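Raw contents of query22.cif, mmCIF, C-alpha atoms and all ligand atoms:
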data_target
loop_
_atom_site.label_atom_id
_atom_site.label_comp_id
_atom_site.auth_asym_id
_atom_site.auth_seq_id
_atom_site.Cartn_x
_atom_site.Cartn_y
_atom_site.Cartn_z
CA MET S 5 12.42 -2.33 -59.97
CA GLY S 6 11.25 -5.87 -60.86
CA ALA S 7 13.37 -8.67 -62.27
CA VAL S 8 12.17 -8.03 -65.83
CA ALA S 9 12.93 -4.33 -65.69
CA ARG S 10 16.41 -5.07 -64.33
CA ALA S 11 17.03 -7.74 -66.93
CA ASP S 12 16.13 -5.29 -69.71
CA TRP S 13 18.24 -2.37 -68.44
CA TRP S 14 20.15 -2.28 -71.74
CA GLN S 15 17.19 -1.50 -74.03
CA ARG S 16 17.37 1.81 -75.88
CA ALA S 17 15.80 3.36 -78.99
CA ASP S 18 18.01 1.44 -81.45
CA LEU S 19 18.35 -1.78 -79.44
CA GLY S 20 15.41 -3.66 -77.93
CA TYR S 21 12.33 -5.78 -78.54
CA ARG S 22 9.75 -4.90 -81.15
CA GLN S 23 6.70 -7.15 -81.14
CA GLY S 24 8.77 -9.55 -79.06
CA HIS S 25 11.76 -9.71 -81.43
CA LEU S 26 15.16 -8.20 -80.76
CA HIS S 27 15.97 -5.37 -83.15
CA PHE S 28 19.29 -3.57 -83.54
CA ALA S 29 19.86 -0.57 -85.78
CA GLY S 30 16.45 -1.11 -87.34
CA ARG S 31 17.05 -4.79 -88.19
CA SER S 32 15.74 -8.02 -86.73
CA VAL S 33 18.74 -9.71 -85.10
CA ALA S 34 17.29 -13.18 -85.82
CA ASP S 35 17.10 -12.29 -89.53
CA LEU S 36 20.71 -11.12 -89.41
CA ALA S 37 21.77 -14.36 -87.71
CA ARG S 38 19.98 -16.50 -90.30
CA GLN S 39 21.47 -14.46 -93.13
CA PHE S 40 25.04 -14.14 -91.82
CA GLY S 41 25.46 -17.32 -89.80
CA THR S 42 27.28 -17.43 -86.47
CA PRO S 43 29.52 -16.40 -84.79
CA SER S 44 29.05 -12.91 -86.22
CA PHE S 45 29.82 -9.44 -84.95
CA VAL S 46 27.38 -6.78 -86.09
CA TYR S 47 28.17 -3.10 -85.69
CA SER S 48 25.81 -0.16 -85.97
CA ALA S 49 27.27 2.78 -87.89
CA GLU S 50 24.53 5.05 -86.55
CA ARG S 51 25.30 4.22 -82.93
CA VAL S 52 29.01 4.94 -83.41
CA ARG S 53 28.13 8.25 -85.02
CA ALA S 54 25.72 9.13 -82.21
CA ASN S 55 28.40 8.34 -79.62
CA LEU S 56 30.90 10.58 -81.43
CA ILE S 57 28.47 13.47 -81.73
CA ARG S 58 27.44 13.20 -78.04
CA LEU S 59 31.08 13.41 -76.98
CA HIS S 60 31.84 16.36 -79.24
CA GLN S 61 28.79 18.22 -77.96
CA ALA S 62 29.68 17.60 -74.33
CA LEU S 63 33.19 18.91 -74.89
CA SER S 64 32.01 21.99 -76.78
CA GLU S 65 29.35 22.82 -74.20
CA GLY S 66 31.51 22.05 -71.17
CA THR S 67 34.64 23.87 -72.27
CA GLY S 68 33.08 26.58 -74.46
CA ARG S 69 35.85 25.83 -77.00
CA GLN S 70 35.72 24.08 -80.35
CA ASP S 71 39.38 23.13 -80.65
CA HIS S 72 39.24 19.76 -78.89
CA ARG S 73 40.11 16.70 -80.97
CA LEU S 74 38.86 13.14 -80.73
CA TYR S 75 41.23 10.35 -81.74
CA TYR S 76 39.46 7.00 -81.94
CA ALA S 77 41.59 4.26 -80.28
CA ILE S 78 41.91 1.89 -83.21
CA LYS S 79 43.02 -0.96 -80.98
CA ALA S 80 39.40 -1.25 -79.82
CA ASN S 81 38.13 -2.29 -83.25
CA ARG S 82 40.07 -2.10 -86.52
CA PHE S 83 37.32 -3.35 -88.87
CA ALA S 84 38.20 -1.53 -92.10
CA PRO S 85 34.67 -0.47 -93.17
CA LEU S 86 34.15 1.08 -89.73
CA LEU S 87 37.41 3.02 -90.00
CA THR S 88 36.60 4.40 -93.44
CA LEU S 89 33.22 5.46 -92.15
CA LEU S 90 34.87 7.24 -89.21
CA LYS S 91 37.23 9.06 -91.57
CA GLN S 92 34.34 10.10 -93.77
CA SER S 93 32.43 11.41 -90.76
CA GLY S 94 35.17 14.00 -90.27
CA LEU S 95 34.53 13.70 -86.53
CA CYS S 96 37.73 12.01 -85.36
CA GLY S 97 41.29 11.04 -86.04
CA ILE S 98 42.99 7.83 -84.91
CA ASP S 99 44.90 6.93 -81.77
CA ALA S 100 47.38 4.24 -82.79
CA CYS S 101 49.76 2.15 -80.71
CA SER S 102 51.78 0.28 -83.33
CA PRO S 103 53.22 1.11 -86.78
CA ALA S 104 50.92 -1.54 -88.28
CA GLU S 105 47.90 0.27 -86.83
CA VAL S 106 49.14 3.51 -88.42
CA SER S 107 49.48 1.95 -91.87
CA HIS S 108 46.11 0.20 -91.52
CA ALA S 109 44.47 3.54 -90.62
CA LEU S 110 46.12 5.19 -93.63
CA GLY S 111 44.90 2.32 -95.80
CA CYS S 112 41.35 3.08 -94.63
CA GLY S 113 41.60 6.74 -95.62
CA PHE S 114 43.16 8.58 -92.68
CA THR S 115 46.25 10.74 -93.18
CA ALA S 116 49.34 10.88 -90.96
CA GLU S 117 48.12 14.26 -89.60
CA ASP S 118 44.98 12.49 -88.39
CA VAL S 119 47.00 10.10 -86.25
CA SER S 120 48.09 10.46 -82.64
CA PHE S 121 50.58 7.78 -81.64
CA THR S 122 51.25 6.55 -78.09
CA ALA S 123 52.95 3.27 -77.25
CA GLY S 124 55.80 1.74 -75.30
CA SER S 125 58.63 -0.69 -75.94
CA LEU S 126 59.18 0.50 -79.50
CA SER S 127 61.98 -1.11 -81.50
CA ARG S 128 64.48 0.64 -83.77
CA ASP S 129 62.42 -0.45 -86.78
CA ASP S 130 59.27 0.93 -85.13
CA PHE S 131 60.90 4.37 -84.65
CA ASP S 132 62.27 4.35 -88.22
CA SER S 133 58.90 3.63 -89.70
CA LEU S 134 56.98 6.10 -87.47
CA ALA S 135 59.45 8.91 -88.14
CA ARG S 136 58.68 8.66 -91.86
CA TYR S 137 55.10 9.83 -91.30
CA ARG S 138 55.28 13.63 -91.51
CA GLY S 139 52.54 15.24 -89.46
CA LEU S 140 51.94 12.26 -87.13
CA HIS S 141 51.45 13.41 -83.51
CA PHE S 142 53.97 11.45 -81.47
CA ASN S 143 53.65 11.01 -77.70
CA ALA S 144 56.77 9.61 -76.05
CA ASP S 145 56.05 7.30 -73.15
CA SER S 146 59.63 6.91 -71.86
CA LEU S 147 63.02 8.61 -71.81
CA HIS S 148 64.09 6.05 -74.38
CA ALA S 149 61.31 7.16 -76.75
CA ILE S 150 62.25 10.84 -76.35
CA ALA S 151 65.85 10.12 -77.29
CA GLU S 152 65.03 7.82 -80.22
CA TRP S 153 62.45 10.25 -81.62
CA GLY S 154 64.86 13.15 -81.05
CA LYS S 155 67.59 11.42 -83.06
CA ARG S 156 65.25 10.94 -86.00
CA ARG S 157 63.16 14.13 -85.82
CA PRO S 158 65.18 16.80 -83.95
CA GLY S 159 63.35 20.09 -83.55
CA SER S 160 59.88 18.55 -83.91
CA GLU S 161 56.89 18.93 -81.58
CA ILE S 162 56.14 16.00 -79.30
CA GLY S 163 53.89 15.02 -76.45
CA ILE S 164 55.08 13.26 -73.32
CA ARG S 165 52.94 10.56 -71.76
CA ILE S 166 53.09 11.00 -68.02
CA ASN S 167 52.27 8.60 -65.24
CA PRO S 168 50.58 10.42 -62.36
CA ALA S 169 50.87 7.33 -60.13
CA ALA S 170 47.09 7.20 -59.78
CA GLY S 171 44.51 5.42 -61.90
CA VAL S 172 40.81 5.08 -62.54
CA SER S 173 38.75 2.22 -63.91
CA ARG S 174 35.29 0.64 -63.97
CA ALA S 175 34.33 -0.47 -60.46
CA SER S 176 37.95 0.25 -59.41
CA ASN S 177 38.99 -2.96 -61.18
CA GLN S 178 42.79 -3.08 -60.79
CA LEU S 179 43.11 -5.22 -63.91
CA LEU S 180 41.92 -2.24 -65.94
CA GLN S 181 44.34 0.30 -64.44
CA TYR S 182 47.47 1.56 -66.17
CA ALA S 183 48.73 3.67 -63.30
CA GLY S 184 48.43 3.53 -59.53
CA ALA S 185 50.37 2.86 -56.37
CA GLN S 186 52.20 0.02 -58.08
CA THR S 187 54.83 1.07 -60.64
CA THR S 188 53.75 0.29 -64.22
CA LYS S 189 55.51 0.39 -67.59
CA PHE S 190 53.40 3.33 -68.85
CA GLY S 191 54.59 6.92 -69.14
CA VAL S 192 57.14 9.10 -67.38
CA TYR S 193 56.89 9.48 -63.60
CA ARG S 194 57.55 12.65 -61.60
CA GLU S 195 60.89 11.21 -60.54
CA GLN S 196 62.15 11.12 -64.15
CA PHE S 197 60.33 14.17 -65.52
CA ALA S 198 63.22 16.66 -65.18
CA GLU S 199 65.45 14.21 -67.02
CA ALA S 200 62.79 13.81 -69.71
CA LEU S 201 62.63 17.56 -70.26
CA SER S 202 66.38 17.93 -70.48
CA LEU S 203 66.56 15.06 -72.98
CA ALA S 204 63.89 16.77 -75.06
CA ALA S 205 65.88 20.01 -74.91
CA GLU S 206 69.02 18.16 -76.05
CA TYR S 207 67.23 17.32 -79.32
CA GLN S 208 65.43 20.71 -79.52
CA LEU S 209 62.10 18.89 -79.20
CA GLN S 210 59.20 21.14 -78.26
CA VAL S 211 57.00 19.49 -75.67
CA SER S 212 53.66 20.94 -76.71
CA ARG S 213 51.44 18.20 -75.27
CA ILE S 214 51.02 16.22 -72.09
CA HIS S 215 49.34 12.86 -72.45
CA PHE S 216 47.95 10.53 -69.82
CA HIS S 217 45.78 7.43 -69.88
CA THR S 218 45.40 5.77 -66.50
CA GLY S 219 42.70 3.14 -66.89
CA CYS S 220 39.57 1.91 -68.64
CA GLY S 221 35.82 1.79 -68.25
CA TYR S 222 35.20 4.60 -65.76
CA LEU S 223 31.60 5.70 -65.23
CA SER S 224 29.91 8.43 -63.14
CA ASP S 225 30.71 6.66 -59.87
CA GLN S 226 34.40 6.93 -60.64
CA LEU S 227 34.45 10.65 -61.55
CA PRO S 228 35.69 11.68 -58.07
CA VAL S 229 38.64 9.31 -58.52
CA TRP S 230 39.24 10.67 -62.03
CA ARG S 231 39.33 14.16 -60.52
CA GLU S 232 42.05 12.99 -58.12
CA VAL S 233 44.05 11.55 -61.01
CA ILE S 234 43.84 14.91 -62.78
CA ASP S 235 44.90 16.74 -59.61
CA LYS S 236 48.12 14.77 -59.76
CA CYS S 237 48.67 15.75 -63.41
CA HIS S 238 48.86 19.46 -62.56
CA TRP S 239 52.34 18.96 -61.13
CA PHE S 240 53.53 18.10 -64.64
CA LEU S 241 51.57 20.89 -66.35
CA ASP S 242 53.07 23.43 -63.94
CA ARG S 243 56.52 22.62 -65.31
CA LEU S 244 55.61 23.34 -68.94
CA PRO S 245 54.57 26.98 -69.40
CA GLU S 246 54.66 26.59 -73.21
CA LEU S 247 52.19 23.71 -73.23
CA LYS S 248 49.37 23.92 -75.82
CA ARG S 249 47.33 20.76 -75.44
CA VAL S 250 46.59 17.96 -73.05
CA ASN S 251 45.58 14.51 -74.22
CA ILE S 252 43.44 12.96 -71.50
CA GLY S 253 43.54 9.46 -73.01
CA GLY S 254 40.52 7.20 -73.27
CA GLY S 255 38.93 5.15 -70.52
CA LEU S 256 35.35 6.46 -70.74
CA GLY S 257 33.13 3.49 -70.05
CA VAL S 258 29.67 2.23 -70.94
CA PRO S 259 27.26 0.35 -68.63
CA HIS S 260 27.67 -3.42 -68.49
CA ILE S 261 25.13 -4.35 -65.82
CA ALA S 262 21.84 -2.96 -64.52
CA SER S 263 23.48 -1.11 -61.63
CA ASP S 264 26.07 0.70 -63.80
CA ALA S 265 25.07 4.39 -64.01
CA PRO S 266 26.14 5.77 -67.41
CA LEU S 267 28.95 8.29 -67.51
CA ASP S 268 27.62 11.80 -66.87
CA LEU S 269 29.25 13.65 -69.76
CA GLY S 270 28.14 17.03 -68.44
CA GLU S 271 30.04 16.48 -65.18
CA TRP S 272 32.96 14.92 -67.07
CA SER S 273 33.35 17.94 -69.35
CA ARG S 274 33.02 20.36 -66.42
CA ILE S 275 35.99 18.62 -64.80
CA ILE S 276 37.91 19.08 -68.05
CA ALA S 277 36.95 22.74 -68.23
CA ASP S 278 37.92 23.42 -64.59
CA ASN S 279 41.28 21.75 -64.93
CA PHE S 280 42.46 22.32 -68.48
CA THR S 281 40.37 24.94 -70.29
CA ALA S 282 40.88 27.20 -67.29
CA ARG S 283 44.62 26.90 -67.93
CA GLY S 284 44.18 27.84 -71.61
CA LEU S 285 44.84 24.29 -72.81
CA ALA S 286 43.09 22.56 -75.70
CA VAL S 287 41.99 19.00 -75.03
CA ASP S 288 42.44 15.76 -76.98
CA VAL S 289 40.54 12.59 -76.05
CA GLU S 290 41.25 9.12 -77.41
CA PRO S 291 38.26 6.92 -76.61
CA GLY S 292 37.88 3.35 -77.81
CA ASP S 293 35.17 1.78 -75.67
CA TYR S 294 32.95 4.84 -75.52
CA LEU S 295 32.65 5.09 -79.30
CA VAL S 296 32.25 1.50 -80.38
CA LYS S 297 31.61 -0.87 -77.49
CA ASP S 298 27.83 -0.47 -77.23
CA ALA S 299 27.59 -0.29 -81.03
CA GLY S 300 28.37 -3.98 -81.46
CA LEU S 301 26.72 -7.32 -80.78
CA LEU S 302 28.23 -10.79 -80.95
CA VAL S 303 25.56 -13.12 -82.31
CA LEU S 304 26.05 -16.77 -81.43
CA GLY S 305 24.24 -20.01 -82.24
CA ILE S 306 22.89 -22.08 -79.36
CA THR S 307 24.48 -25.51 -79.17
CA PHE S 308 23.07 -27.24 -76.07
CA ARG S 309 20.75 -26.76 -73.13
CA GLU S 310 21.36 -28.93 -70.12
CA LYS S 311 21.04 -28.98 -66.37
CA LYS S 312 24.22 -30.06 -64.56
CA ARG S 313 23.56 -30.56 -60.88
CA ASP S 314 21.50 -27.49 -59.99
CA ILE S 315 22.79 -25.21 -62.76
CA PHE S 316 21.19 -24.84 -66.15
CA PHE S 317 23.80 -24.42 -68.90
CA LEU S 318 23.14 -22.85 -72.26
CA GLY S 319 25.94 -23.61 -74.73
CA VAL S 320 26.87 -21.32 -77.63
CA ASP S 321 29.08 -21.71 -80.71
CA GLY S 322 31.67 -19.11 -79.71
CA GLY S 323 34.01 -18.87 -76.73
CA PHE S 324 36.03 -16.31 -74.79
CA ASN S 325 38.71 -16.34 -77.50
CA LEU S 326 36.34 -14.31 -79.72
CA ALA S 327 35.79 -11.60 -77.10
CA PRO S 328 38.34 -12.03 -74.31
CA GLU S 329 37.37 -9.17 -71.98
CA PRO S 330 34.93 -11.14 -69.80
CA ALA S 331 37.62 -13.76 -69.16
CA TYR S 332 40.65 -11.45 -68.93
CA TYR S 333 39.13 -8.48 -67.14
CA HIS S 334 35.95 -9.94 -65.61
CA LEU S 335 33.85 -7.53 -67.64
CA PRO S 336 30.34 -8.94 -67.97
CA PHE S 337 28.93 -9.07 -71.52
CA GLN S 338 25.17 -9.30 -70.98
CA PRO S 339 23.55 -12.18 -72.94
CA VAL S 340 20.15 -11.38 -74.43
CA ALA S 341 17.53 -13.55 -76.10
CA LEU S 342 16.48 -12.75 -79.66
CA SER S 343 12.82 -13.08 -78.78
CA ARG S 344 10.91 -12.32 -75.65
CA ASP S 345 7.37 -12.76 -74.38
CA GLU S 346 6.92 -10.24 -71.54
CA SER S 347 4.26 -12.43 -69.90
CA LEU S 348 6.67 -15.35 -69.36
CA PRO S 349 9.17 -15.52 -66.49
CA LEU S 350 12.92 -15.24 -66.72
CA SER S 351 15.19 -17.82 -65.14
CA PRO S 352 18.92 -17.90 -64.38
CA MET S 353 21.34 -19.85 -66.57
CA HIS S 354 25.07 -20.04 -67.19
CA VAL S 355 25.98 -19.19 -70.78
CA ALA S 356 28.99 -21.32 -71.75
CA GLY S 357 31.31 -21.12 -74.76
CA ASN S 358 32.90 -23.86 -76.87
CA ILE S 359 36.51 -23.52 -75.71
CA ASN S 360 38.16 -26.21 -73.68
CA GLU S 361 39.09 -23.95 -70.75
CA ALA S 362 37.41 -23.68 -67.36
CA LEU S 363 37.17 -19.89 -67.63
CA ASP S 364 35.08 -20.12 -70.80
CA VAL S 365 31.76 -19.17 -69.25
CA TRP S 366 30.33 -15.97 -70.73
CA TYR S 367 27.95 -15.18 -67.92
CA GLU S 368 26.77 -16.83 -64.74
CA ASP S 369 23.12 -16.68 -63.75
CA ALA S 370 22.04 -14.67 -66.77
CA LEU S 371 18.32 -13.99 -66.50
CA LEU S 372 16.85 -15.31 -69.74
CA PRO S 373 13.44 -16.47 -70.94
CA ASP S 374 12.71 -20.05 -71.91
CA MET S 375 15.42 -20.81 -74.49
CA SER S 376 14.20 -24.24 -75.57
CA ARG S 377 13.13 -23.04 -79.02
CA GLU S 378 15.71 -20.30 -79.52
CA GLU S 379 18.40 -20.86 -82.14
CA TYR S 380 20.56 -17.83 -81.31
CA LEU S 381 21.72 -15.52 -78.56
CA ALA S 382 23.36 -12.07 -78.62
CA LEU S 383 26.05 -10.70 -76.33
CA LEU S 384 26.00 -6.95 -75.74
CA ASN S 385 28.93 -4.55 -75.72
CA ALA S 386 30.92 -6.64 -78.18
CA GLY S 387 31.87 -3.66 -80.37
CA ALA S 388 35.23 -3.04 -78.66
CA TYR S 389 38.18 -5.24 -77.68
CA SER S 390 36.36 -8.30 -78.97
CA ALA S 391 37.10 -9.14 -82.64
CA ALA S 392 40.24 -7.00 -82.29
CA MET S 393 41.56 -9.23 -79.49
CA ALA S 394 40.28 -12.55 -80.83
CA SER S 395 42.59 -15.54 -81.05
CA ASN S 396 42.47 -18.91 -82.75
CA HIS S 397 42.59 -20.83 -79.49
CA CYS S 398 41.36 -24.41 -79.94
CA MET S 399 41.29 -23.52 -83.66
CA ARG S 400 37.94 -21.89 -83.06
CA GLY S 401 38.95 -18.45 -84.24
CA ARG S 402 36.48 -18.22 -87.13
CA PHE S 403 34.01 -15.32 -87.07
CA GLN S 404 32.53 -12.75 -89.42
CA GLU S 405 32.00 -9.01 -89.06
CA PHE S 406 29.25 -6.86 -90.57
CA ILE S 407 28.53 -3.19 -90.43
CA LEU S 408 24.92 -2.02 -90.50
CA LEU S 409 24.68 1.30 -92.35
C1 LIG V 1 47.03 5.11 -74.52
C2 LIG V 1 45.62 4.67 -74.70
N1 LIG V 1 44.72 5.55 -75.18
C3 LIG V 1 43.43 5.20 -75.38
C4 LIG V 1 42.99 3.93 -75.06
C5 LIG V 1 41.54 3.61 -75.27
O1 LIG V 1 40.95 3.26 -74.09
P1 LIG V 1 39.38 3.03 -73.96
O2 LIG V 1 39.00 2.04 -74.98
O3 LIG V 1 39.21 2.53 -72.58
O4 LIG V 1 38.73 4.36 -74.18
C6 LIG V 1 43.88 3.00 -74.55
C7 LIG V 1 43.41 1.67 -74.17
O5 LIG V 1 43.87 1.00 -73.33
C8 LIG V 1 45.24 3.38 -74.35
O6 LIG V 1 46.13 2.51 -73.86
#
Transcribe the structure of this file into C-alpha cells.
Ligand SMILES: Cc1ncc(COP(=O)(O)O)c(C=O)c1O
Amino acid sequence: MGAVARADWWQRADLGYRQGHLHFAGRSVADLARQFGTPSFVYSAERVRANLIRLHQALSEGTGRQDHRLYYAIKANRFAPLLTLLKQSGLCGIDACSPAEVSHALGCGFTAEDVSFTAGSLSRDDFDSLARYRGLHFNADSLHAIAEWGKRRPGSEIGIRINPAAGVSRASNQLLQYAGAQTTKFGVYREQFAEALSLAAEYQLQVSRIHFHTGCGYLSDQLPVWREVIDKCHWFLDRLPELKRVNIGGGLGVPHIASDAPLDLGEWSRIIADNFTARGLAVDVEPGDYLVKDAGLLVLGITFREKKRDIFFLGVDGGFNLAPEPAYYHLPFQPVALSRDESLPLSPMHVAGNINEALDVWYEDALLPDMSREEYLALLNAGAYSAAMASNHCMRGRFQEFILL
C-alpha cells in the first residue's frame, strides 16, 4: 500500500473526497466551516443510524434472538438533538451514569424504562433521585449501592456490575481499562460476590442481570482477550440460576489509524452467542464510541504554518480541551485536509492546538497535502468523548455543535 492509500484509510461512502473536496454526509465540509465558523463539531445522523442498525443486525444474526437491547452510553455525546433523534429511531435506550444524565435523557424524550443506570460513588441524594424513576434499570456496582438501593426499593429487580479482574481495550492500552490485574473501583469482585448476594437477599432484591464493562476501544485484534474476559464472567453467572439478562457493557471500538482492523461484528456476536445465548440469557449492550465516534468531525480553522527546527507545525484554533481523548488516552484523532489533489505529494506535519500546555499537539507527523492555502482542517472520530468532555481551559472552551440530518 502506498503512502496516499495509507493516508486515506478512513474514506468511506459518506466521508471522503469528491472532485478533490472533502464531503461528509453529503455536504462539503468547507461549506459547513464557512457557514458555521470554527471550532465546530458536525455529526451525521445517518451514520449514527447506520451504526445502530449494523449492531442490531449482527446481534440478531449471531444469537438468533431478537430480545437484545442497545442502551446508548450518553456520556459519549449528550447533544440534545442527537438524543431526540435516537429516541425517535426506536433503536436504543440510554445508558446513564449520573442522575443529571437521566433527567437530560428524559428531557430529550426517553422514558425511565428506556434507561439503564450504572455508576459508582453515588451519594444519598443520587440514590433518592434515582429511586424516584419507576422502571429505570438499576445496576449496582458495589455492596454499598445494593444496600442503598435495597433500602429505597426493596423487592425490586436489579443488576449487579461485576469485576472479572480482567480487561480489554484498544491496543491493550491500560489507560482505557476498567478491570485487570490491578484492583479498580468498578464493580463487585469474586471475593465480595457472596456478600453481595446475601445483601440483595436481605432486601428481597431479585438479581436478574449481570453487568460488566471492562474497557474501551477494542477491535478485532482484541477479540481473543475479550473472550478471556468473558470466560472469567462465567464464574458469576454460575452462581445465579435465576438470571435473565447479561449486560456486556460498551467498549466496541472504531479504527483510528490505518493499521486498525475494524471490529468483526460477526465474530463478536458469535462469541456472545456461544457464551450467553447458549445459556438462555438475553443480552444488553451499552455502546458509546461504536455508535457516535465515527459519526462526528471537529472542524478547526488554521491559524499558523511554520517550521521550527526540522518540524513543520500547523496551528489550529482549537486545543485538546475540546476533545481530550488524544491527550488523556493517547488516542489519535486523524487530521484530514478539506481539499486534496491526488497528483500532489503528502508531507508530515505536527498539528498543534491553541492551549498553553505542552501536551496540546493533536497529531505528530500527520501526512497532509500542501496546506498553504487551506483555511480549515477536520479531525476524525470526534463524535464521542469530545464535546461531552470539553473544558474551558485557558478560557478557550467555546465551540458549536451541528447535526446533519
Ligand atoms: C459502564 C459503561 N458502559 C458503557 C460505556 C461506554 O463505553 P464505550 O463508549 O467505550 O462503548 C462506558 C464508558 O466508559 C461505561 O463506563
| request: Would you list the residues that come within 7 Å of ligand LIG 1 (chain V)? Count only C-alpha atoms and all ligand atoms and give the answer as JSON, numbers by chain. | output: {"S": [77, 80, 99, 122, 123, 217, 219, 220, 221, 253, 254, 255, 256, 257, 290, 291, 292, 293, 294]}
Residue neighbourhood Ile166 in chain S, 12 Å, only C-alpha atoms, exclusion window fewer than 3 positions, as a PDB file with C-alpha atoms, in the coordinates of the input:
ATOM      1  CA  THR S 122      51.250   6.550 -78.090  1.00  0.00           C
ATOM      2  CA  ASN S 143      53.650  11.010 -77.700  1.00  0.00           C
ATOM      3  CA  ALA S 144      56.770   9.610 -76.050  1.00  0.00           C
ATOM      4  CA  ASP S 145      56.050   7.300 -73.150  1.00  0.00           C
ATOM      5  CA  SER S 146      59.630   6.910 -71.860  1.00  0.00           C
ATOM      6  CA  LEU S 147      63.020   8.610 -71.810  1.00  0.00           C
ATOM      7  CA  GLY S 163      53.890  15.020 -76.450  1.00  0.00           C
ATOM      8  CA  ALA S 169      50.870   7.330 -60.130  1.00  0.00           C
ATOM      9  CA  ALA S 170      47.090   7.200 -59.780  1.00  0.00           C
ATOM     10  CA  GLY S 171      44.510   5.420 -61.900  1.00  0.00           C
ATOM     11  CA  TYR S 182      47.470   1.560 -66.170  1.00  0.00           C
ATOM     12  CA  ALA S 183      48.730   3.670 -63.300  1.00  0.00           C
ATOM     13  CA  THR S 188      53.750   0.290 -64.220  1.00  0.00           C
ATOM     14  CA  LYS S 189      55.510   0.390 -67.590  1.00  0.00           C
ATOM     15  CA  PHE S 190      53.400   3.330 -68.850  1.00  0.00           C
ATOM     16  CA  GLY S 191      54.590   6.920 -69.140  1.00  0.00           C
ATOM     17  CA  VAL S 192      57.140   9.100 -67.380  1.00  0.00           C
ATOM     18  CA  TYR S 193      56.890   9.480 -63.600  1.00  0.00           C
ATOM     19  CA  ARG S 194      57.550  12.650 -61.600  1.00  0.00           C
ATOM     20  CA  GLU S 195      60.890  11.210 -60.540  1.00  0.00           C
ATOM     21  CA  GLN S 196      62.150  11.120 -64.150  1.00  0.00           C
ATOM     22  CA  PHE S 197      60.330  14.170 -65.520  1.00  0.00           C
ATOM     23  CA  ALA S 198      63.220  16.660 -65.180  1.00  0.00           C
ATOM     24  CA  ALA S 200      62.790  13.810 -69.710  1.00  0.00           C
ATOM     25  CA  LEU S 201      62.630  17.560 -70.260  1.00  0.00           C
ATOM     26  CA  ARG S 213      51.440  18.200 -75.270  1.00  0.00           C
ATOM     27  CA  ILE S 214      51.020  16.220 -72.090  1.00  0.00           C
ATOM     28  CA  HIS S 215      49.340  12.860 -72.450  1.00  0.00           C
ATOM     29  CA  PHE S 216      47.950  10.530 -69.820  1.00  0.00           C
ATOM     30  CA  HIS S 217      45.780   7.430 -69.880  1.00  0.00           C
ATOM     31  CA  THR S 218      45.400   5.770 -66.500  1.00  0.00           C
ATOM     32  CA  VAL S 233      44.050  11.550 -61.010  1.00  0.00           C
ATOM     33  CA  ILE S 234      43.840  14.910 -62.780  1.00  0.00           C
ATOM     34  CA  LYS S 236      48.120  14.770 -59.760  1.00  0.00           C
ATOM     35  CA  CYS S 237      48.670  15.750 -63.410  1.00  0.00           C
ATOM     36  CA  HIS S 238      48.860  19.460 -62.560  1.00  0.00           C
ATOM     37  CA  TRP S 239      52.340  18.960 -61.130  1.00  0.00           C
ATOM     38  CA  PHE S 240      53.530  18.100 -64.640  1.00  0.00           C
ATOM     39  CA  LEU S 241      51.570  20.890 -66.350  1.00  0.00           C
ATOM     40  CA  VAL S 250      46.590  17.960 -73.050  1.00  0.00           C
ATOM     41  CA  ASN S 251      45.580  14.510 -74.220  1.00  0.00           C
ATOM     42  CA  ILE S 252      43.440  12.960 -71.500  1.00  0.00           C
ATOM     43  CA  GLY S 253      43.540   9.460 -73.010  1.00  0.00           C
TER      44      GLY S 253
END
| Contacts of range 298-313 of chain S within 6 Å, only C-alpha atoms, excl. fewer than 3 positions in-chain, as JSON, numbers by chain | {"S": [42, 43, 44, 45, 46, 47, 48, 51, 52, 316, 317, 318, 319, 320, 321, 379, 380, 381, 382, 383, 384, 385, 386, 387]}
Within 12 Å of Gly139 in chain S, counting all atoms listed in the file, which residues show up once you throw out same-chain ones fewer than 5 positions away? Write them as an mmCIF file with C-alpha atoms, in the coordinates of the input, please.
data_model
loop_
_atom_site.group_PDB
_atom_site.id
_atom_site.type_symbol
_atom_site.label_atom_id
_atom_site.label_comp_id
_atom_site.auth_asym_id
_atom_site.auth_seq_id
_atom_site.Cartn_x
_atom_site.Cartn_y
_atom_site.Cartn_z
ATOM 1 C CA PHE S 114 43.160 8.580 -92.680
ATOM 2 C CA THR S 115 46.250 10.740 -93.180
ATOM 3 C CA ALA S 116 49.340 10.880 -90.960
ATOM 4 C CA GLU S 117 48.120 14.260 -89.600
ATOM 5 C CA ASP S 118 44.980 12.490 -88.390
ATOM 6 C CA VAL S 119 47.000 10.100 -86.250
ATOM 7 C CA SER S 120 48.090 10.460 -82.640
ATOM 8 C CA PHE S 121 50.580 7.780 -81.640
ATOM 9 C CA LEU S 134 56.980 6.100 -87.470
ATOM 10 C CA ARG S 157 63.160 14.130 -85.820
ATOM 11 C CA SER S 160 59.880 18.550 -83.910
ATOM 12 C CA GLU S 161 56.890 18.930 -81.580
ATOM 13 C CA ILE S 162 56.140 16.000 -79.300
#
| task | Measuring atom to atom with only C-alpha atoms, identify which of S:Lys248, S:Asp264, S:Ala62, S:Thr88 is nearest to Arg283 in chain S. | result |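 The answer is S:Lys248, which sits nearest to Arg283 in chain S.
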| query | Could you name the residues that touch Glu329 in chain S at 10 Å or less, counting all atoms listed in the file, but leaving out those on the same chain fewer than 3 positions away, as number ranges by chain? | reply | S: 324-326, 332-337, 366, 386, 388-390, 393-394
| request: Please measure the separation of CA of Ile98 in chain S and CA of Ala84 in chain S, giving the value in Å to one decimal. | output: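 That distance, rounded to one decimal, is 12.7 Å.
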| request: Kindly give the distance, in Å, that separates CA of Ile359 in chain S and CA of Gly323 in chain S, rounded to a single decimal. | output: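 Taking CA of Ile359 in chain S as the start and CA of Gly323 in chain S as the end point, the length is 5.4 Å.
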| task | Can you work out the spacing between CA of Arg53 in chain S and CA of Ala341 in chain S in Å, to one decimal? | result |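 Pair CA of Arg53 in chain S / CA of Ala341 in chain S returns 25.8 Å.
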| request: Could you check which of S:Ala149, S:Pro328, S:Phe28, S:Tyr367 is closest to Arg16 in chain S, using all atoms listed in the file? | output: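 Residue with the minimum atom-to-atom distance to Arg16 in chain S: S:Phe28.
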Kindly provide, as JSON, the centre and edge lengths (Å, one decimal) of an axis-aligned box around all atoms of range 201-210 of chain S given in the file, with 6 Å on each side.
{"center_x": 64.1, "center_y": 18.1, "center_z": -74.9, "size_x": 21.8, "size_y": 18.1, "size_z": 21.3}
